[in-house]
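Peer 1: Take a look at the following structure, please.
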Amino acid sequence: MTLRIGVHPNNIHLALAERWPGALASLDPVFVPYAEGRDSAALLRDSTIDLCGTGSTPPIAAEAAGL
């Protein structure tokens with residue numbers, strides 16, 4: 001099973017993992033780039049990505065929006 005990992009420019013750890021050959025290779029990752037962190041919840045909801053990194057505000061906003 002392939003793991004789709006969402007990557008946006010403000011998440012430095014996942015951005016570096018995307019550029020590091022072999023990073024997370026045991027997970028068979030596919031890195032899915034997107035423009036900004038506030039899109040994370042919608043991409044998870046729509047099953048575009050399986051995992052992403054985020055700060056504390058996007059999950060609170062997503063919960064408030066019923067996501």
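If you're wondering about the labels, chains in the structure tokens are A, B, ... by order shown, residues count from 1 in each chain, ligands from 1 in order shown.
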If we count only C-alpha atoms, what is near Ile5 of chain A at a cut-off of 6 Å, once residues fewer than 4 positions away on the same chain are taken out, given as a list of chain:residue names?
Peer 2: A:Phe31, A:Val32, A:Ile49, A:Leu51, A:Cys52
Peer 1: Do you know which residues are at most 12 Å from Arg19 of chain A counting only C-alpha atoms, after dropping those on the same chain fewer than 3 positions away, and could you put them as a PyMOL selection string?
Peer 2: chain A and resi 7+12-16+22-24+30-31+33
Peer 1: Report, in Å with one decimal, the straight-line distance from atom CA of Leu67 of chain A to atom CA of Thr48 of chain A.
Peer 2: 14.3 Å
Peer 1: Env of Ala64 of chain A: 12 Å cut, atoms = only C-alpha atoms, seq-sep filter 6 positions within chain, self excluded. Answer as a list in words.
Peer 2: Ala41, Thr57 and Pro58 of chain A
Peer 1: Would you compute the distance between atom CA of Met1 of chain A and atom CA of Gly53 of chain A? Give it in Å to one decimal.
Peer 2: 20.0 Å
Peer 1: Which residue, A:Asn11, A:Ser26, A:Ser40, A:Thr2, has the smallest gap to Ala62 of chain A when you use only C-alpha atoms?
Peer 2: A:Ser40
Peer 1: As a list in words, list the residues of chain A assigned to helix (DSSP H, G or I) by DSSP on the backbone atoms of this structure.
Peer 2: Ile12, His13, Leu14, Ala15, Leu16, Ala17, Glu18, Arg19, Ala25, Ser26, Leu27, Gly37, Arg38, Asp39, Ser40, Ala41, Ala42, Leu43, Leu44, Arg45, Thr57, Pro58, Pro59, Ile60, Ala61, Ala62, Glu63 and Ala64 of chain A
Peer 1: Please produce a file of those selected residues containing N, CA and C atoms, as a PDB file, in the first residue's frame.
Peer 2:
```pdb
ATOM      1  N   ILE A  12       8.658  22.261   6.955  1.00  0.00           N
ATOM      2  CA  ILE A  12      10.042  22.020   6.555  1.00  0.00           C
ATOM      3  C   ILE A  12      10.429  20.550   6.673  1.00  0.00           C
ATOM      4  N   HIS A  13       9.923  19.836   7.675  1.00  0.00           N
ATOM      5  CA  HIS A  13      10.312  18.443   7.858  1.00  0.00           C
ATOM      6  C   HIS A  13       9.857  17.562   6.696  1.00  0.00           C
ATOM      7  N   LEU A  14       8.613  17.718   6.281  1.00  0.00           N
ATOM      8  CA  LEU A  14       8.139  16.908   5.156  1.00  0.00           C
ATOM      9  C   LEU A  14       8.702  17.392   3.833  1.00  0.00           C
ATOM     10  N   ALA A  15       8.943  18.692   3.705  1.00  0.00           N
ATOM     11  CA  ALA A  15       9.575  19.213   2.492  1.00  0.00           C
ATOM     12  C   ALA A  15      10.977  18.632   2.332  1.00  0.00           C
ATOM     13  N   LEU A  16      11.712  18.515   3.429  1.00  0.00           N
ATOM     14  CA  LEU A  16      13.042  17.904   3.379  1.00  0.00           C
ATOM     15  C   LEU A  16      12.951  16.410   3.089  1.00  0.00           C
ATOM     16  N   ALA A  17      11.988  15.728   3.702  1.00  0.00           N
ATOM     17  CA  ALA A  17      11.814  14.297   3.459  1.00  0.00           C
ATOM     18  C   ALA A  17      11.520  14.027   1.986  1.00  0.00           C
ATOM     19  N   GLU A  18      10.740  14.904   1.373  1.00  0.00           N
ATOM     20  CA  GLU A  18      10.414  14.754  -0.049  1.00  0.00           C
ATOM     21  C   GLU A  18      11.677  14.828  -0.909  1.00  0.00           C
ATOM     22  N   ARG A  19      12.621  15.651  -0.502  1.00  0.00           N
ATOM     23  CA  ARG A  19      13.836  15.860  -1.294  1.00  0.00           C
ATOM     24  C   ARG A  19      14.974  14.905  -0.934  1.00  0.00           C
ATOM     25  N   ALA A  25      11.398   5.356   2.939  1.00  0.00           N
ATOM     26  CA  ALA A  25      11.252   4.374   1.861  1.00  0.00           C
ATOM     27  C   ALA A  25      10.464   3.145   2.293  1.00  0.00           C
ATOM     28  N   SER A  26      10.575   2.754   3.536  1.00  0.00           N
ATOM     29  CA  SER A  26       9.858   1.563   3.992  1.00  0.00           C
ATOM     30  C   SER A  26       8.341   1.763   3.971  1.00  0.00           C
ATOM     31  N   LEU A  27       7.887   3.012   3.870  1.00  0.00           N
ATOM     32  CA  LEU A  27       6.459   3.314   3.811  1.00  0.00           C
ATOM     33  C   LEU A  27       5.929   3.381   2.390  1.00  0.00           C
ATOM     34  N   GLY A  37      -0.702  25.136   4.147  1.00  0.00           N
ATOM     35  CA  GLY A  37      -1.194  24.293   5.223  1.00  0.00           C
ATOM     36  C   GLY A  37      -2.688  24.348   5.461  1.00  0.00           C
ATOM     37  N   ARG A  38      -3.318  25.477   5.185  1.00  0.00           N
ATOM     38  CA  ARG A  38      -4.757  25.555   5.448  1.00  0.00           C
ATOM     39  C   ARG A  38      -5.571  24.642   4.542  1.00  0.00           C
ATOM     40  N   ASP A  39      -4.948  24.068   3.506  1.00  0.00           N
ATOM     41  CA  ASP A  39      -5.631  23.114   2.626  1.00  0.00           C
ATOM     42  C   ASP A  39      -5.564  21.677   3.153  1.00  0.00           C
ATOM     43  N   SER A  40      -4.812  21.452   4.217  1.00  0.00           N
ATOM     44  CA  SER A  40      -4.572  20.094   4.715  1.00  0.00           C
ATOM     45  C   SER A  40      -5.846  19.334   5.032  1.00  0.00           C
ATOM     46  N   ALA A  41      -6.741  19.925   5.799  1.00  0.00           N
ATOM     47  CA  ALA A  41      -7.951  19.212   6.235  1.00  0.00           C
ATOM     48  C   ALA A  41      -8.817  18.796   5.049  1.00  0.00           C
ATOM     49  N   ALA A  42      -8.988  19.671   4.081  1.00  0.00           N
ATOM     50  CA  ALA A  42      -9.804  19.334   2.912  1.00  0.00           C
ATOM     51  C   ALA A  42      -9.169  18.207   2.100  1.00  0.00           C
ATOM     52  N   LEU A  43      -7.848  18.209   1.979  1.00  0.00           N
ATOM     53  CA  LEU A  43      -7.164  17.146   1.231  1.00  0.00           C
ATOM     54  C   LEU A  43      -7.281  15.810   1.951  1.00  0.00           C
ATOM     55  N   LEU A  44      -7.221  15.824   3.272  1.00  0.00           N
ATOM     56  CA  LEU A  44      -7.432  14.599   4.047  1.00  0.00           C
ATOM     57  C   LEU A  44      -8.877  14.120   3.900  1.00  0.00           C
ATOM     58  N   ARG A  45      -9.810  15.027   4.005  1.00  0.00           N
ATOM     59  CA  ARG A  45     -11.237  14.694   3.884  1.00  0.00           C
ATOM     60  C   ARG A  45     -11.549  14.069   2.529  1.00  0.00           C
ATOM     61  N   THR A  57      -3.321  25.342  14.556  1.00  0.00           N
ATOM     62  CA  THR A  57      -4.506  26.077  14.113  1.00  0.00           C
ATOM     63  C   THR A  57      -5.319  25.327  13.053  1.00  0.00           C
ATOM     64  N   PRO A  58      -4.732  24.737  12.005  1.00  0.00           N
ATOM     65  CA  PRO A  58      -5.551  24.064  10.995  1.00  0.00           C
ATOM     66  C   PRO A  58      -6.490  22.982  11.533  1.00  0.00           C
ATOM     67  N   PRO A  59      -6.077  22.122  12.481  1.00  0.00           N
ATOM     68  CA  PRO A  59      -7.026  21.149  13.010  1.00  0.00           C
ATOM     69  C   PRO A  59      -8.184  21.780  13.751  1.00  0.00           C
ATOM     70  N   ILE A  60      -7.940  22.870  14.455  1.00  0.00           N
ATOM     71  CA  ILE A  60      -9.021  23.559  15.168  1.00  0.00           C
ATOM     72  C   ILE A  60      -9.999  24.178  14.171  1.00  0.00           C
ATOM     73  N   ALA A  61      -9.473  24.807  13.140  1.00  0.00           N
ATOM     74  CA  ALA A  61     -10.326  25.388  12.113  1.00  0.00           C
ATOM     75  C   ALA A  61     -11.121  24.314  11.367  1.00  0.00           C
ATOM     76  N   ALA A  62     -10.490  23.162  11.105  1.00  0.00           N
ATOM     77  CA  ALA A  62     -11.164  22.078  10.414  1.00  0.00           C
ATOM     78  C   ALA A  62     -12.310  21.523  11.270  1.00  0.00           C
ATOM     79  N   GLU A  63     -12.072  21.360  12.544  1.00  0.00           N
ATOM     80  CA  GLU A  63     -13.114  20.861  13.425  1.00  0.00           C
ATOM     81  C   GLU A  63     -14.297  21.858  13.487  1.00  0.00           C
ATOM     82  N   ALA A  64     -13.969  23.133  13.558  1.00  0.00           N
ATOM     83  CA  ALA A  64     -15.016  24.169  13.596  1.00  0.00           C
ATOM     84  C   ALA A  64     -15.843  24.171  12.307  1.00  0.00           C
TER      85      ALA A  64
END
```
Peer 1: What's the separation between atom CA of Glu36 of chain A and atom CA of Ala65 of chain A, in Å to one decimal place?
Peer 2: 17.6 Å
Peer 1: So, counting only C-alpha atoms, which residue among A:Pro21, A:Gly55, A:Ala35, A:Asp28 is closest to Leu3 of chain A?
Peer 2: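 Nearest candidate to Leu3 of chain A out of A:Pro21, A:Gly55, A:Ala35, A:Asp28: A:Asp28.
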